[in-house]
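Novice: As input, take data_37.pdb (PDB, C-alpha atoms):
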ATOM      1  CA  MET W   6       0.000   0.000   0.000
ATOM      2  CA  GLN W   7       2.803   2.403   0.918
ATOM      3  CA  ASP W   8       4.612   1.675  -2.356
ATOM      4  CA  ILE W   9       1.506   2.541  -4.355
ATOM      5  CA  LEU W  10       1.179   5.896  -2.587
ATOM      6  CA  VAL W  11       4.854   6.721  -3.146
ATOM      7  CA  ILE W  12       4.556   5.864  -6.842
ATOM      8  CA  LEU W  13       1.360   7.921  -7.154
ATOM      9  CA  ILE W  14       2.958  10.956  -5.468
ATOM     10  CA  GLY W  15       6.025  10.550  -7.700
ATOM     11  CA  ILE W  16       3.868  10.527 -10.831
ATOM     12  CA  ILE W  17       2.022  13.639  -9.682
ATOM     13  CA  VAL W  18       5.265  15.489  -8.899
ATOM     14  CA  PHE W  19       6.922  14.569 -12.209
ATOM     15  CA  SER W  20       3.775  15.535 -14.115
ATOM     16  CA  TYR W  21       3.635  18.922 -12.395
ATOM     17  CA  VAL W  22       7.323  19.638 -12.998
ATOM     18  CA  GLY W  23       7.023  18.521 -16.621
ATOM     19  CA  TRP W  24       4.023  20.781 -17.162
ATOM     20  CA  LYS W  25       5.826  23.795 -15.652
ATOM     21  CA  ILE W  26       8.879  23.173 -17.848
ATOM     22  CA  TYR W  27       6.634  22.858 -20.917
ATOM     23  CA  ILE W  28       4.928  26.175 -20.120
ATOM     24  CA  LEU W  29       8.309  27.831 -19.493
ATOM     25  CA  ILE W  30       9.674  26.692 -22.848
ATOM     26  CA  THR W  31       6.590  27.341 -24.991
ATOM     27  CA  ARG W  32       5.555  30.746 -23.626
ATOM     28  CA  LYS W  33       7.025  33.575 -25.670
ATOM     29  CA  PRO W  34       6.834  36.862 -23.793
ATOM     30  CA  SER W  35       6.488  40.079 -25.727
ATOM     31  CA  PRO W  36       9.418  42.525 -25.625
ATOM     32  CA  ALA W  37       7.247  45.136 -23.906
ATOM     33  CA  ASP W  38       6.347  42.728 -21.116
ATOM     34  CA  LYS W  39       8.324  43.628 -18.003
ATOM     35  CA  CYS W  40       7.355  40.449 -16.158
ATOM     36  CA  GLY W  41       8.740  38.035 -18.744
ATOM     37  CA  GLY W  42       5.376  36.419 -19.441
ATOM     38  CA  CYS W  43       4.401  35.802 -15.829
ATOM     39  CA  THR W  44       0.691  36.316 -15.176
ATOM     40  CA  ARG W  45       0.471  35.249 -11.549
ATOM     41  CA  CYS W  46       0.937  38.442  -9.545
ATOM     42  CA  SER W  47      -0.655  41.821  -9.035
ATOM     43  CA  LEU W  48       2.561  43.596 -10.059
ATOM     44  CA  LYS W  49       1.771  42.881 -13.707
ATOM     45  CA  GLU W  50      -1.659  44.455 -13.303
ATOM     46  CA  ASP W  51      -0.079  47.522 -11.700
ATOM     47  CA  LEU W  52       2.465  47.828 -14.508
ATOM     48  CA  ASN W  53      -0.242  47.482 -17.140
ATOM     49  CA  CYS W  54      -2.332  50.085 -15.358
ATOM     50  CA  GLU W  55       0.581  52.559 -15.303
ATOM     51  CA  THR W  56       1.362  51.853 -18.967
ATOM     52  CA  ASN W  57      -2.264  52.432 -19.931
ATOM     53  CA  LYS W  58      -2.301  55.728 -18.018
ATOM     54  CA  LYS W  59       0.823  56.893 -19.881
ATOM     55  CA  ILE W  60      -0.666  55.926 -23.246
ATOM     56  CA  LYS W  61      -3.927  57.715 -22.487
ATOM     57  CA  SER W  62      -2.134  60.867 -21.319
ATOM     58  CA  LYS W  63      -0.003  60.938 -24.525
ATOM     59  CA  LYS W  64      -3.131  60.694 -26.691
ATOM     60  CA  ARG W  65      -4.673  63.784 -25.115
TER      61      ARG W  65
END
Using structure tokens, write down the structure from this file.

Specialist:
Amino acid sequence: MQDILVILIGIIVFSYVGWKIYILITRKPSPADKCGGCTRCSLKEDLNCETNKKIKSKKR
């Protein structure tokens, strides 16, 4: 029983790591992106908000 659980946890861990590596390799961030393609924090939203404010103020 313990061996089955260890194998199951190992499969889950290797699958998760493989998926993260796949996402890291296949995601191509844009040159204007200051976060390097990361979408998991509020800093990106703040940066986008500031960038949008600058663009809107230049248009006026």

Novice: Just how far from CA of Lys25 in chain W is CA of Met6 in chain W, in Å to one decimal?

Specialist: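 Computing the Euclidean distance for CA of Met6 in chain W and CA of Lys25 in chain W yields 29.1 Å.
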
Novice: Report, in Å to a single decimal, how far apart CA of Gln7 in chain W and CA of Tyr21 in chain W are.

Specialist: 21.2 Å

Novice: Measure the distance from CA of Ile28 in chain W to CA of Val11 in chain W in Å and round it to one decimal.

Specialist: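 Going from CA of Ile28 in chain W over to CA of Val11 in chain W, I get 25.8 Å.
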